[in-house]
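**Student:** my_file-v4.pdb is reproduced below (PDB, C-alpha atoms).
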ATOM      1  CA  MET Z   1       0.000   0.000   0.000
ATOM      2  CA  VAL Z   2       2.707   2.453   1.050
ATOM      3  CA  ARG Z   3       6.455   1.874   0.671
ATOM      4  CA  LEU Z   4       9.435   3.253   2.581
ATOM      5  CA  ALA Z   5      12.677   4.083   0.771
ATOM      6  CA  LEU Z   6      15.976   4.902   2.485
ATOM      7  CA  TYR Z   7      18.525   6.951   0.543
ATOM      8  CA  GLN Z   8      22.059   5.758   1.288
ATOM      9  CA  PRO Z   9      21.416   5.091   4.981
ATOM     10  CA  ASP Z  10      24.506   5.789   7.080
ATOM     11  CA  ILE Z  11      23.408   4.515  10.499
ATOM     12  CA  PRO Z  12      22.855   0.743  10.414
ATOM     13  CA  GLN Z  13      20.911   0.720  13.664
ATOM     14  CA  ASN Z  14      18.301   3.101  12.262
ATOM     15  CA  MET Z  15      17.965   0.989   9.144
ATOM     16  CA  GLY Z  16      17.473  -2.042  11.393
ATOM     17  CA  THR Z  17      14.788  -0.248  13.400
ATOM     18  CA  LEU Z  18      13.000   0.695  10.177
ATOM     19  CA  LEU Z  19      13.170  -2.888   8.840
ATOM     20  CA  ARG Z  20      11.537  -4.020  12.090
ATOM     21  CA  PHE Z  21       8.955  -1.248  11.667
ATOM     22  CA  GLY Z  22       8.267  -2.303   8.066
ATOM     23  CA  ALA Z  23       7.808  -5.930   9.103
ATOM     24  CA  CYS Z  24       5.355  -4.950  11.858
ATOM     25  CA  LEU Z  25       3.239  -2.660   9.648
ATOM     26  CA  ASN Z  26       3.442  -4.536   6.328
ATOM     27  CA  VAL Z  27       5.449  -1.734   4.723
ATOM     28  CA  PRO Z  28       7.960  -2.846   2.058
ATOM     29  CA  VAL Z  29      11.363  -1.160   2.351
ATOM     30  CA  ASP Z  30      13.668  -0.072  -0.476
ATOM     31  CA  VAL Z  31      17.265   0.553   0.510
ATOM     32  CA  ILE Z  32      19.139   2.692  -1.992
ATOM     33  CA  GLY Z  33      22.905   2.227  -1.898
ATOM     34  CA  PRO Z  34      25.687   2.588  -1.453
ATOM     35  CA  THR Z  35      25.184   2.158   2.278
ATOM     36  CA  GLY Z  36      28.672   1.867   3.735
ATOM     37  CA  PHE Z  37      27.657  -1.228   5.674
ATOM     38  CA  ASP Z  38      26.157  -4.556   4.642
ATOM     39  CA  MET Z  39      23.323  -6.752   5.823
ATOM     40  CA  SER Z  40      25.592  -8.614   8.214
ATOM     41  CA  ASP Z  41      26.320  -5.430  10.206
ATOM     42  CA  ARG Z  42      25.951  -6.196  13.914
ATOM     43  CA  SER Z  43      24.140  -2.954  14.816
ATOM     44  CA  LEU Z  44      21.704  -3.465  11.975
ATOM     45  CA  LYS Z  45      20.936  -7.020  13.028
ATOM     46  CA  ARG Z  46      20.560  -6.101  16.680
ATOM     47  CA  ALA Z  47      18.061  -3.333  15.850
ATOM     48  CA  ALA Z  48      16.150  -5.339  13.260
ATOM     49  CA  MET Z  49      16.053  -8.385  15.553
ATOM     50  CA  ASP Z  50      14.475 -11.453  13.983
ATOM     51  CA  TYR Z  51      12.253  -9.150  11.928
ATOM     52  CA  ILE Z  52      15.028  -8.879   9.381
ATOM     53  CA  THR Z  53      13.899 -12.086   7.698
ATOM     54  CA  ARG Z  54      10.263 -10.980   7.791
ATOM     55  CA  SER Z  55      10.799  -7.617   6.161
ATOM     56  CA  ASP Z  56       9.946  -7.074   2.503
ATOM     57  CA  LEU Z  57      13.319  -5.562   1.615
ATOM     58  CA  THR Z  58      14.642  -4.606  -1.823
ATOM     59  CA  ARG Z  59      18.161  -3.304  -2.205
ATOM     60  CA  HIS Z  60      19.107  -1.007  -5.091
ATOM     61  CA  ILE Z  61      22.772  -0.402  -5.787
ATOM     62  CA  SER Z  62      22.269   3.236  -6.808
ATOM     63  CA  PHE Z  63      19.585   5.891  -7.016
ATOM     64  CA  ASP Z  64      19.516   5.597 -10.815
ATOM     65  CA  ARG Z  65      18.897   1.876 -10.553
ATOM     66  CA  PHE Z  66      16.126   2.559  -8.050
ATOM     67  CA  LEU Z  67      14.504   5.009 -10.505
ATOM     68  CA  ASP Z  68      14.467   2.266 -13.141
ATOM     69  CA  SER Z  69      13.109  -0.398 -10.794
ATOM     70  CA  ASP Z  70       9.672  -1.986 -10.600
ATOM     71  CA  GLN Z  71       9.452  -0.780  -6.990
ATOM     72  CA  ARG Z  72       9.737   2.843  -8.102
ATOM     73  CA  LYS Z  73       6.735   2.347 -10.363
ATOM     74  CA  SER Z  74       4.392   1.651  -7.428
ATOM     75  CA  GLY Z  75       3.454   5.321  -7.083
ATOM     76  CA  ARG Z  76       4.671   8.827  -6.302
ATOM     77  CA  LEU Z  77       8.051   9.462  -4.696
ATOM     78  CA  ILE Z  78       7.467  11.638  -1.606
ATOM     79  CA  LEU Z  79      10.631  13.064  -0.079
ATOM     80  CA  SER Z  80      10.858  13.912   3.622
ATOM     81  CA  THR Z  81      13.065  16.970   3.998
ATOM     82  CA  THR Z  82      13.324  19.778   6.521
ATOM     83  CA  LYS Z  83      13.408  22.163   3.540
ATOM     84  CA  ALA Z  84       9.860  21.274   2.434
ATOM     85  CA  THR Z  85       7.030  23.731   3.023
ATOM     86  CA  THR Z  86       4.208  21.173   3.253
ATOM     87  CA  ILE Z  87       3.627  19.614   6.663
ATOM     88  CA  TYR Z  88       3.191  15.856   6.418
ATOM     89  CA  THR Z  89      -0.232  15.919   8.080
ATOM     90  CA  ASP Z  90      -1.479  18.385   5.427
ATOM     91  CA  PHE Z  91      -0.275  16.181   2.577
ATOM     92  CA  GLU Z  92      -2.761  13.878   0.864
ATOM     93  CA  PHE Z  93      -1.163  10.438   0.658
ATOM     94  CA  LEU Z  94      -2.257   7.882  -1.899
ATOM     95  CA  GLN Z  95      -1.966   4.125  -2.162
ATOM     96  CA  GLY Z  96       1.385   3.210  -3.672
ATOM     97  CA  ASP Z  97       3.207   6.317  -2.423
ATOM     98  CA  ILE Z  98       6.888   5.766  -1.649
ATOM     99  CA  ILE Z  99       8.126   7.786   1.334
ATOM    100  CA  LEU Z 100      11.807   8.614   0.795
ATOM    101  CA  LEU Z 101      14.057   9.424   3.758
ATOM    102  CA  GLY Z 102      17.460  11.023   3.201
ATOM    103  CA  ARG Z 103      20.744  10.239   4.946
ATOM    104  CA  GLU Z 104      20.612  11.127   8.607
ATOM    105  CA  SER Z 105      23.866  13.072   8.252
ATOM    106  CA  SER Z 106      23.251  14.987   5.041
ATOM    107  CA  GLY Z 107      19.776  14.449   3.575
ATOM    108  CA  VAL Z 108      19.709  14.047  -0.204
ATOM    109  CA  PRO Z 109      21.477  15.849  -3.071
ATOM    110  CA  GLU Z 110      19.562  18.184  -5.354
ATOM    111  CA  HIS Z 111      19.080  15.645  -8.159
ATOM    112  CA  VAL Z 112      17.158  13.430  -5.733
ATOM    113  CA  VAL Z 113      14.933  16.362  -4.739
ATOM    114  CA  GLN Z 114      14.291  16.958  -8.436
ATOM    115  CA  ALA Z 115      13.420  13.314  -8.992
ATOM    116  CA  SER Z 116      10.771  13.392  -6.238
ATOM    117  CA  ASP Z 117       7.114  14.181  -6.913
ATOM    118  CA  ALA Z 118       6.518  16.067  -3.666
ATOM    119  CA  GLN Z 119       8.353  17.129  -0.518
ATOM    120  CA  ILE Z 120       6.996  17.022   3.016
ATOM    121  CA  LYS Z 121       8.320  17.860   6.453
ATOM    122  CA  ILE Z 122       7.696  17.381  10.135
ATOM    123  CA  PRO Z 123       7.721  20.851  11.685
ATOM    124  CA  MET Z 124      10.338  21.245  14.405
ATOM    125  CA  ALA Z 125      10.451  23.356  17.512
ATOM    126  CA  ARG Z 126      12.549  26.491  17.182
ATOM    127  CA  ASP Z 127      16.327  26.001  17.227
ATOM    128  CA  VAL Z 128      16.353  22.228  17.046
ATOM    129  CA  ARG Z 129      17.783  20.419  14.071
ATOM    130  CA  SER Z 130      16.257  17.070  13.411
ATOM    131  CA  LEU Z 131      14.499  13.955  14.567
ATOM    132  CA  ASN Z 132      16.050  10.529  14.551
ATOM    133  CA  ILE Z 133      15.337   9.183  11.079
ATOM    134  CA  ALA Z 134      13.510   6.056  12.294
ATOM    135  CA  VAL Z 135      11.235   8.234  14.438
ATOM    136  CA  ALA Z 136      10.569  10.631  11.542
ATOM    137  CA  GLY Z 137       9.859   7.744   9.183
ATOM    138  CA  ALA Z 138       7.453   6.159  11.651
ATOM    139  CA  MET Z 139       5.482   9.395  12.059
ATOM    140  CA  ILE Z 140       5.124   9.919   8.322
ATOM    141  CA  ILE Z 141       4.364   6.315   7.428
ATOM    142  CA  GLY Z 142       1.851   6.156  10.288
ATOM    143  CA  GLU Z 143       0.040   9.163   8.836
ATOM    144  CA  ALA Z 144       0.193   7.753   5.296
ATOM    145  CA  LEU Z 145      -1.228   4.417   6.512
ATOM    146  CA  ARG Z 146      -3.992   6.216   8.410
ATOM    147  CA  GLN Z 147      -4.978   8.286   5.392
ATOM    148  CA  THR Z 148      -4.924   5.358   2.980
ATOM    149  CA  GLY Z 149      -7.136   3.208   5.211
ATOM    150  CA  TYR Z 150      -4.593   0.659   6.440
ATOM    151  CA  PHE Z 151      -5.974   0.780   9.990
ATOM    152  CA  ASP Z 152      -9.649   0.750   8.985
ATOM    153  CA  ASP Z 153     -10.170  -3.014   8.905
ATOM    154  CA  ARG Z 154      -7.825  -3.839  11.771
ATOM    155  CA  THR Z 155     -10.006  -3.453  14.825
ATOM    156  CA  GLY Z 156      -8.253  -5.930  17.054
ATOM    157  CA  SER Z 157      -7.838  -9.699  16.939
ATOM    158  CA  GLU Z 158     -11.400 -10.184  15.684
ATOM    159  CA  ALA Z 159     -10.484  -8.282  12.532
ATOM    160  CA  SER Z 160      -7.429 -10.454  12.012
ATOM    161  CA  VAL Z 161      -9.677 -13.490  11.949
ATOM    162  CA  SER Z 162     -12.061 -11.954   9.433
ATOM    163  CA  ASP Z 163      -9.068 -10.865   7.329
ATOM    164  CA  LYS Z 164      -8.215 -14.512   7.042
ATOM    165  CA  THR Z 165     -11.618 -15.492   5.713
ATOM    166  CA  ALA Z 166     -11.921 -12.491   3.405
TER     167      ALA Z 166
ATOM    168  CA  MET X 167      -0.423  20.124  24.921
ATOM    169  CA  VAL X 168       0.334  16.397  24.934
ATOM    170  CA  ARG X 169       2.824  14.669  27.262
ATOM    171  CA  LEU X 170       4.826  11.470  26.916
ATOM    172  CA  ALA X 171       5.424   9.219  29.937
ATOM    173  CA  LEU X 172       7.845   6.284  30.018
ATOM    174  CA  TYR X 173       7.223   3.534  32.566
ATOM    175  CA  GLN X 174      10.509   2.213  33.963
ATOM    176  CA  PRO X 175      12.385   2.422  30.653
ATOM    177  CA  ASP X 176      14.946  -0.358  30.333
ATOM    178  CA  ILE X 177      16.776   0.643  27.131
ATOM    179  CA  PRO X 178      18.631   3.943  27.629
ATOM    180  CA  GLN X 179      19.093   4.510  23.912
ATOM    181  CA  ASN X 180      15.337   4.475  23.310
ATOM    182  CA  MET X 181      14.812   6.915  26.162
ATOM    183  CA  GLY X 182      17.457   9.146  24.584
ATOM    184  CA  THR X 183      15.742   8.981  21.200
ATOM    185  CA  LEU X 184      12.431   9.916  22.830
ATOM    186  CA  LEU X 185      13.989  12.842  24.699
ATOM    187  CA  ARG X 186      15.299  14.121  21.361
ATOM    188  CA  PHE X 187      11.835  13.569  19.887
ATOM    189  CA  GLY X 188      10.215  15.481  22.762
ATOM    190  CA  ALA X 189      12.623  18.389  22.324
ATOM    191  CA  CYS X 190      11.906  18.561  18.580
ATOM    192  CA  LEU X 191       8.110  18.453  18.935
ATOM    193  CA  ASN X 192       7.658  20.415  22.191
ATOM    194  CA  VAL X 193       6.426  17.335  24.026
ATOM    195  CA  PRO X 194       7.289  17.197  27.750
ATOM    196  CA  VAL X 195       8.538  13.792  28.922
ATOM    197  CA  ASP X 196       7.880  12.095  32.272
ATOM    198  CA  VAL X 197      10.250   9.279  33.153
ATOM    199  CA  ILE X 198       8.854   6.970  35.821
ATOM    200  CA  GLY X 199      11.517   5.088  37.727
ATOM    201  CA  PRO X 200      13.255   3.032  38.690
ATOM    202  CA  THR X 201      15.094   2.976  35.384
ATOM    203  CA  GLY X 202      18.180   0.849  35.991
ATOM    204  CA  PHE X 203      20.386   3.517  34.425
ATOM    205  CA  ASP X 204      20.916   7.178  35.143
ATOM    206  CA  MET X 205      21.069  10.369  33.121
ATOM    207  CA  SER X 206      24.808  10.007  32.619
ATOM    208  CA  ASP X 207      24.367   6.721  30.733
ATOM    209  CA  ARG X 208      26.479   6.838  27.559
ATOM    210  CA  SER X 209      23.891   5.216  25.277
ATOM    211  CA  LEU X 210      21.230   7.611  26.529
ATOM    212  CA  LYS X 211      23.419  10.645  25.915
ATOM    213  CA  ARG X 212      24.485   9.462  22.475
ATOM    214  CA  ALA X 213      20.866   8.956  21.379
ATOM    215  CA  ALA X 214      19.551  12.154  22.970
ATOM    216  CA  MET X 215      22.487  14.159  21.568
ATOM    217  CA  ASP X 216      22.531  17.788  22.649
ATOM    218  CA  TYR X 217      18.734  17.715  22.817
ATOM    219  CA  ILE X 218      19.006  16.323  26.327
ATOM    220  CA  THR X 219      19.357  19.808  27.775
ATOM    221  CA  ARG X 220      16.486  21.103  25.636
ATOM    222  CA  SER X 221      13.980  18.459  26.642
ATOM    223  CA  ASP X 222      11.273  19.222  29.189
ATOM    224  CA  LEU X 223      12.013  16.202  31.355
ATOM    225  CA  THR X 224      10.513  15.312  34.731
ATOM    226  CA  ARG X 225      11.737  12.257  36.591
ATOM    227  CA  HIS X 226       9.481  10.448  39.078
ATOM    228  CA  ILE X 227      11.042   7.912  41.418
ATOM    229  CA  SER X 228       8.040   5.583  41.344
ATOM    230  CA  PHE X 229       4.676   5.144  39.650
ATOM    231  CA  ASP X 230       2.887   6.126  42.882
ATOM    232  CA  ARG X 231       4.858   9.345  43.034
ATOM    233  CA  PHE X 232       3.999  10.002  39.399
ATOM    234  CA  LEU X 233       0.286   9.516  40.180
ATOM    235  CA  ASP X 234       0.557  12.172  42.893
ATOM    236  CA  SER X 235       2.509  14.621  40.716
ATOM    237  CA  ASP X 236       1.411  17.872  39.105
ATOM    238  CA  GLN X 237       2.393  16.392  35.738
ATOM    239  CA  ARG X 238      -0.163  13.578  36.132
ATOM    240  CA  LYS X 239      -2.880  16.205  36.606
ATOM    241  CA  SER X 240      -2.427  17.594  33.090
ATOM    242  CA  GLY X 241      -5.019  15.224  31.623
ATOM    243  CA  ARG X 242      -5.968  11.631  30.947
ATOM    244  CA  LEU X 243      -3.446   8.801  31.182
ATOM    245  CA  ILE X 244      -3.531   6.878  27.883
ATOM    246  CA  LEU X 245      -1.647   3.586  27.934
ATOM    247  CA  SER X 246      -0.132   2.105  24.783
ATOM    248  CA  THR X 247      -0.403  -1.672  25.028
ATOM    249  CA  THR X 248      -0.625  -4.487  22.507
ATOM    250  CA  LYS X 249      -3.523  -5.842  24.623
ATOM    251  CA  ALA X 250      -5.749  -2.819  23.883
ATOM    252  CA  THR X 251      -8.682  -3.158  21.498
ATOM    253  CA  THR X 252      -8.778   0.485  20.355
ATOM    254  CA  ILE X 253      -6.476   1.396  17.472
ATOM    255  CA  TYR X 254      -4.632   4.648  18.174
ATOM    256  CA  THR X 255      -5.942   6.331  15.020
ATOM    257  CA  ASP X 256      -9.537   5.648  16.155
ATOM    258  CA  PHE X 257      -8.923   7.178  19.578
ATOM    259  CA  GLU X 258      -9.972  10.775  20.197
ATOM    260  CA  PHE X 259      -7.034  12.541  21.806
ATOM    261  CA  LEU X 260      -7.474  15.676  23.893
ATOM    262  CA  GLN X 261      -5.177  18.477  24.952
ATOM    263  CA  GLY X 262      -3.322  17.470  28.099
ATOM    264  CA  ASP X 263      -3.407  13.741  27.394
ATOM    265  CA  ILE X 264      -0.412  11.800  28.707
ATOM    266  CA  ILE X 265       0.671   8.932  26.446
ATOM    267  CA  LEU X 266       2.184   6.199  28.627
ATOM    268  CA  LEU X 267       4.606   3.663  27.125
ATOM    269  CA  GLY X 268       5.477   0.495  29.040
ATOM    270  CA  ARG X 269       8.858  -1.189  29.382
ATOM    271  CA  GLU X 270      10.110  -2.496  26.074
ATOM    272  CA  SER X 271      10.796  -5.872  27.669
ATOM    273  CA  SER X 272       7.641  -6.407  29.695
ATOM    274  CA  GLY X 273       5.059  -3.642  29.252
ATOM    275  CA  VAL X 274       3.343  -2.559  32.466
ATOM    276  CA  PRO X 275       1.911  -4.484  35.439
ATOM    277  CA  GLU X 276      -1.842  -4.745  35.952
ATOM    278  CA  HIS X 277      -2.049  -1.948  38.544
ATOM    279  CA  VAL X 278      -0.692   0.467  35.936
ATOM    280  CA  VAL X 279      -3.302  -0.676  33.416
ATOM    281  CA  GLN X 280      -5.945  -0.069  36.109
ATOM    282  CA  ALA X 281      -4.588   3.414  36.795
ATOM    283  CA  SER X 282      -4.882   4.399  33.124
ATOM    284  CA  ASP X 283      -7.962   6.108  31.688
ATOM    285  CA  ALA X 284      -7.812   4.369  28.309
ATOM    286  CA  GLN X 285      -5.700   1.864  26.382
ATOM    287  CA  ILE X 286      -4.696   2.097  22.743
ATOM    288  CA  LYS X 287      -2.619   0.005  20.378
ATOM    289  CA  ILE X 288      -0.853   0.080  17.054
ATOM    290  CA  PRO X 289      -2.131  -2.920  15.104
ATOM    291  CA  MET X 290       0.641  -5.307  14.080
ATOM    292  CA  ALA X 291       1.024  -7.624  11.143
ATOM    293  CA  ARG X 292       0.282 -11.253  11.937
ATOM    294  CA  ASP X 293       2.948 -13.142  13.892
ATOM    295  CA  VAL X 294       5.138 -10.168  14.738
ATOM    296  CA  ARG X 295       5.588  -9.043  18.299
ATOM    297  CA  SER X 296       6.309  -5.393  18.718
ATOM    298  CA  LEU X 297       7.660  -2.145  17.419
ATOM    299  CA  ASN X 298      10.676  -0.393  18.844
ATOM    300  CA  ILE X 299       9.268   1.734  21.670
ATOM    301  CA  ALA X 300      10.605   5.037  20.305
ATOM    302  CA  VAL X 301       8.998   4.300  16.946
ATOM    303  CA  ALA X 302       5.682   3.361  18.583
ATOM    304  CA  GLY X 303       5.759   6.487  20.753
ATOM    305  CA  ALA X 304       6.472   8.702  17.754
ATOM    306  CA  MET X 305       3.534   7.269  15.787
ATOM    307  CA  ILE X 306       1.090   7.769  18.653
ATOM    308  CA  ILE X 307       2.308  11.212  19.685
ATOM    309  CA  GLY X 308       2.302  12.295  16.030
ATOM    310  CA  GLU X 309      -1.353  11.307  15.772
ATOM    311  CA  ALA X 310      -2.215  12.978  19.098
ATOM    312  CA  LEU X 311      -0.491  16.201  17.972
ATOM    313  CA  ARG X 312      -2.308  16.098  14.641
ATOM    314  CA  GLN X 313      -5.690  15.629  16.284
ATOM    315  CA  THR X 314      -5.141  18.334  18.893
ATOM    316  CA  GLY X 315      -4.086  20.909  16.299
ATOM    317  CA  TYR X 316      -0.365  21.159  17.038
ATOM    318  CA  PHE X 317       0.515  21.232  13.336
ATOM    319  CA  ASP X 318      -2.256  23.642  12.325
ATOM    320  CA  ASP X 319      -0.365  26.878  12.856
ATOM    321  CA  ARG X 320       3.030  25.594  11.787
ATOM    322  CA  THR X 321       2.988  26.027   8.030
ATOM    323  CA  GLY X 322       6.702  26.415   7.487
ATOM    324  CA  SER X 323       9.182  29.085   8.490
ATOM    325  CA  GLU X 324       6.670  31.854   7.896
ATOM    326  CA  ALA X 325       4.561  30.423  10.676
ATOM    327  CA  SER X 326       7.548  30.379  13.012
ATOM    328  CA  VAL X 327       7.974  34.094  12.461
ATOM    329  CA  SER X 328       4.314  34.815  13.126
ATOM    330  CA  ASP X 329       4.478  32.626  16.221
ATOM    331  CA  LYS X 330       7.076  34.978  17.505
ATOM    332  CA  THR X 331       4.893  38.036  17.114
ATOM    333  CA  ALA X 332       1.739  36.323  18.399
TER     334      ALA X 332
END
Please, can you express the file's structure as structure tokens?
**Tutor:**
Amino acid sequence: MVRLALYQPDIPQNMGTLLRFGACLNVPVDVIGPTGFDMSDRSLKRAAMDYITRSDLTRHISFDRFLDSDQRKSGRLILSTTKATTIYTDFEFLQGDIILLGRESSGVPEHVVQASDAQIKIPMARDVRSLNIAVAGAMIIGEALRQTGYFDDRTGSEASVSDKTA
Amino acid sequence: MVRLALYQPDIPQNMGTLLRFGACLNVPVDVIGPTGFDMSDRSLKRAAMDYITRSDLTRHISFDRFLDSDQRKSGRLILSTTKATTIYTDFEFLQGDIILLGRESSGVPEHVVQASDAQIKIPMARDVRSLNIAVAGAMIIGEALRQTGYFDDRTGSEASVSDKTA
């Protein structure tokens, strides 16, 4: 329904936390390299826990390769950036949207901004810089899932049972 | 407007991430002890970064002391628990609500459930256990802030300027 894409993640633990998040919320994750660490990284594995094998993960060796991929074709590419003017809760998410998070250290270069269909932000208190990227991703994806109806048919364990028979 | 309370947090890094989150979104944080680590913990400081001094943090030595505190009087105590039946996006948040997160390892004991005014959950995919607590807290607080109008007057840097003159 909604995808999460990470642009050249530089903190393996945050990528691990987001893989765990994706596994828990049925959100496929695209990791756009190079990453500077591999899937055997200890911090990544510790943060992802056993969810790493349950996550729907696609790795792309470069941004250009991501742009050419089937995953990219799922919908619009929505970039989270502190430079955006639209607040994420004012943005109208659609099924298939791909939420793109930049590097925690440096965001994304201009050509990635240009390749995105829209830019959104989480407004910060005065004089603070940024949220942890896993926290920011969770807030935005949570809102996108809410808007696109992901939570509507999940009213507790009863709903899980009816999902199964649907 | 909305507060975040952590019940006996057992992973200092997650507490640090949530203190950073609170500083970025103007959310005061109540930490209910005992915690098993102190404010000089290295993992906590690394995750909280320099936001630790900007966070509006109140420490309570026990849950009973928290119940008697001025902070507890700000509004309803809303417990996040996987055992809840109400999905957080269906819950109607109010100004002053305190979102209470349990221990990552073991949640909260029954007397804490009884002391809460409502229980909410983030619905999980089948056969997965739990989200990282900082990620779960960010999703719920994000939704509570959205519902209570926190983002309404924050339409970019222009709004920050007008805030200043308001």
**Student:** Mind telling me what the PyMOL selection byres ((chain X and resi 238) around 10) catches here, as a list of chain:residue names?
**Tutor:** X:Arg169, X:Ala171, X:Asp196, X:Arg231, X:Phe232, X:Leu233, X:Asp234, X:Ser235, X:Asp236, X:Gln237, X:Lys239, X:Ser240, X:Gly241, X:Arg242, X:Leu243, X:Gly262, X:Asp263, X:Ile264
**Student:** Need the shell around Pro28 of chain Z: protein/DNA/RNA residues with any atom at most 9 Å away, counting all atoms listed in the file. Skip same-chain ones fewer than 4 positions apart. Format as a list in words?
**Tutor:**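 Once the adjacent positions are removed, what remains is Met1, Val2, Arg3, Leu4, Ala5, Leu19, Gly22, Ala23, Ser55, Asp56, Leu57 and Thr58 of chain Z.
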**Student:** For Arg103 of chain Z, find every residue with an atom within 7 Å (counting all atoms listed in the file), except residues of its own chain fewer than 5 positions away, and show them as a tab-separated table (two decimals) with C-alpha atoms, in the frame of the given file.
**Tutor:**
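Resulting contents of result.tsv:
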chain	number	residue	atom	x	y	z
Z	7	TYR	CA	18.52	6.95	0.54
Z	8	GLN	CA	22.06	5.76	1.29
Z	9	PRO	CA	21.42	5.09	4.98
Z	10	ASP	CA	24.51	5.79	7.08
Z	108	VAL	CA	19.71	14.05	-0.20
**Student:** Report as a PDB file with C-alpha atoms, in the coordinates of the input all protein, DNA and RNA residues lying within 9 Å of segment 124-135 of chain Z, evaluated on all atoms listed in the file, omitting residues in the same chain fewer than 6 positions from it.
**Tutor:**
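Written file, around_23.pdb:
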ATOM      1  CA  ASN Z  14      18.301   3.101  12.262  1.00  0.00           C
ATOM      2  CA  MET Z  15      17.965   0.989   9.144  1.00  0.00           C
ATOM      3  CA  THR Z  17      14.788  -0.248  13.400  1.00  0.00           C
ATOM      4  CA  LEU Z  18      13.000   0.695  10.177  1.00  0.00           C
ATOM      5  CA  PHE Z  21       8.955  -1.248  11.667  1.00  0.00           C
ATOM      6  CA  THR Z  82      13.324  19.778   6.521  1.00  0.00           C
ATOM      7  CA  LEU Z 101      14.057   9.424   3.758  1.00  0.00           C
ATOM      8  CA  GLY Z 102      17.460  11.023   3.201  1.00  0.00           C
ATOM      9  CA  ARG Z 103      20.744  10.239   4.946  1.00  0.00           C
ATOM     10  CA  GLU Z 104      20.612  11.127   8.607  1.00  0.00           C
TER      11      GLU Z 104
ATOM     12  CA  THR X 183      15.742   8.981  21.200  1.00  0.00           C
ATOM     13  CA  LEU X 184      12.431   9.916  22.830  1.00  0.00           C
ATOM     14  CA  ARG X 186      15.299  14.121  21.361  1.00  0.00           C
ATOM     15  CA  PHE X 187      11.835  13.569  19.887  1.00  0.00           C
ATOM     16  CA  ALA X 189      12.623  18.389  22.324  1.00  0.00           C
ATOM     17  CA  CYS X 190      11.906  18.561  18.580  1.00  0.00           C
ATOM     18  CA  LEU X 191       8.110  18.453  18.935  1.00  0.00           C
ATOM     19  CA  ASN X 192       7.658  20.415  22.191  1.00  0.00           C
ATOM     20  CA  ALA X 213      20.866   8.956  21.379  1.00  0.00           C
ATOM     21  CA  TYR X 217      18.734  17.715  22.817  1.00  0.00           C
ATOM     22  CA  ARG X 220      16.486  21.103  25.636  1.00  0.00           C
ATOM     23  CA  ALA X 300      10.605   5.037  20.305  1.00  0.00           C
ATOM     24  CA  VAL X 301       8.998   4.300  16.946  1.00  0.00           C
ATOM     25  CA  ALA X 302       5.682   3.361  18.583  1.00  0.00           C
ATOM     26  CA  GLY X 303       5.759   6.487  20.753  1.00  0.00           C
ATOM     27  CA  ALA X 304       6.472   8.702  17.754  1.00  0.00           C
ATOM     28  CA  MET X 305       3.534   7.269  15.787  1.00  0.00           C
ATOM     29  CA  ARG X 320       3.030  25.594  11.787  1.00  0.00           C
ATOM     30  CA  SER X 326       7.548  30.379  13.012  1.00  0.00           C
TER      31      SER X 326
END
**Student:** What gap, in Å, lies between atom CA of Phe37 of chain Z and atom CA of Asp216 of chain X?
**Tutor:** 26.0 Å
**Student:** So which residues fall inside 12 Å of (-5.9, -1.0, 5.8) if we count all atoms listed in the file? Mind giving them as a list in words?
**Tutor:**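 Taken together, the residues in range are Met1, Val2, Leu25, Asn26, Val27, Gln95, Gly142, Ala144, Leu145, Arg146, Gln147, Thr148, Gly149, Tyr150, Phe151, Asp152, Asp153, Arg154, Thr155, Ala159, Ser160 and Asp163 of chain Z; Ile253, Thr255, Pro289, Met290 and Ala291 of chain X.
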**Student:** Rounded to one decimal, what separation in Å do you get between atom CA of Gly16 of chain Z and atom CA of Arg208 of chain X?
**Tutor:**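 One can read the atom CA of Gly16 of chain Z to atom CA of Arg208 of chain X distance as 20.5 Å.
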**Student:** For Gln13 of chain Z, work out the shell of residues within 8 Å, counting all atoms listed in the file and skipping chain neighbours fewer than 4 positions away, then give it as a PyMOL selection string.
**Tutor:** chain Z and resi 17+43-48
**Student:** Create the file for the chosen residues now, containing C-alpha atoms and written as a PDB file, keeping the file's coordinate frame.
**Tutor:**
ATOM      1  CA  THR Z  17      14.788  -0.248  13.400  1.00  0.00           C
ATOM      2  CA  SER Z  43      24.140  -2.954  14.816  1.00  0.00           C
ATOM      3  CA  LEU Z  44      21.704  -3.465  11.975  1.00  0.00           C
ATOM      4  CA  LYS Z  45      20.936  -7.020  13.028  1.00  0.00           C
ATOM      5  CA  ARG Z  46      20.560  -6.101  16.680  1.00  0.00           C
ATOM      6  CA  ALA Z  47      18.061  -3.333  15.850  1.00  0.00           C
ATOM      7  CA  ALA Z  48      16.150  -5.339  13.260  1.00  0.00           C
TER       8      ALA Z  48
END
**Student:** Between atom CA of Ile306 of chain X and atom CA of Phe257 of chain X, measure the distance and give it in Å to one decimal.
**Tutor:** 10.1 Å
**Student:** Nearest to chain X among Z:Met49, Z:Leu6, Z:Ile78, Z:Val29, with distances taken over only C-alpha atoms: which residue is it?
**Tutor:**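 Answer, going by the shortest atom-to-atom distance: Z:Met49.
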**Student:** Name every residue that the PyMOL selection byres ((chain Z and resi 84) around 8) selects in this structure, writing the answer as a list in words with chains first and numbers rising.
**Tutor:** Ser80, Thr81, Thr82, Lys83, Thr85, Thr86, Ile87, Gln119, Ile120 and Lys121 of chain Z; Gly322 of chain X
**Student:** Please produce an output containing C-alpha atoms for each residue in the selection, written as a short mmCIF file (atom, residue, chain, number, x, y, z; two decimals), in the coordinates of the input.
**Tutor:**
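out-v7.cif written:
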data_model
loop_
_atom_site.label_atom_id
_atom_site.label_comp_id
_atom_site.auth_asym_id
_atom_site.auth_seq_id
_atom_site.Cartn_x
_atom_site.Cartn_y
_atom_site.Cartn_z
CA SER Z 80 10.86 13.91 3.62
CA THR Z 81 13.06 16.97 4.00
CA THR Z 82 13.32 19.78 6.52
CA LYS Z 83 13.41 22.16 3.54
CA THR Z 85 7.03 23.73 3.02
CA THR Z 86 4.21 21.17 3.25
CA ILE Z 87 3.63 19.61 6.66
CA GLN Z 119 8.35 17.13 -0.52
CA ILE Z 120 7.00 17.02 3.02
CA LYS Z 121 8.32 17.86 6.45
CA GLY X 322 6.70 26.42 7.49
#
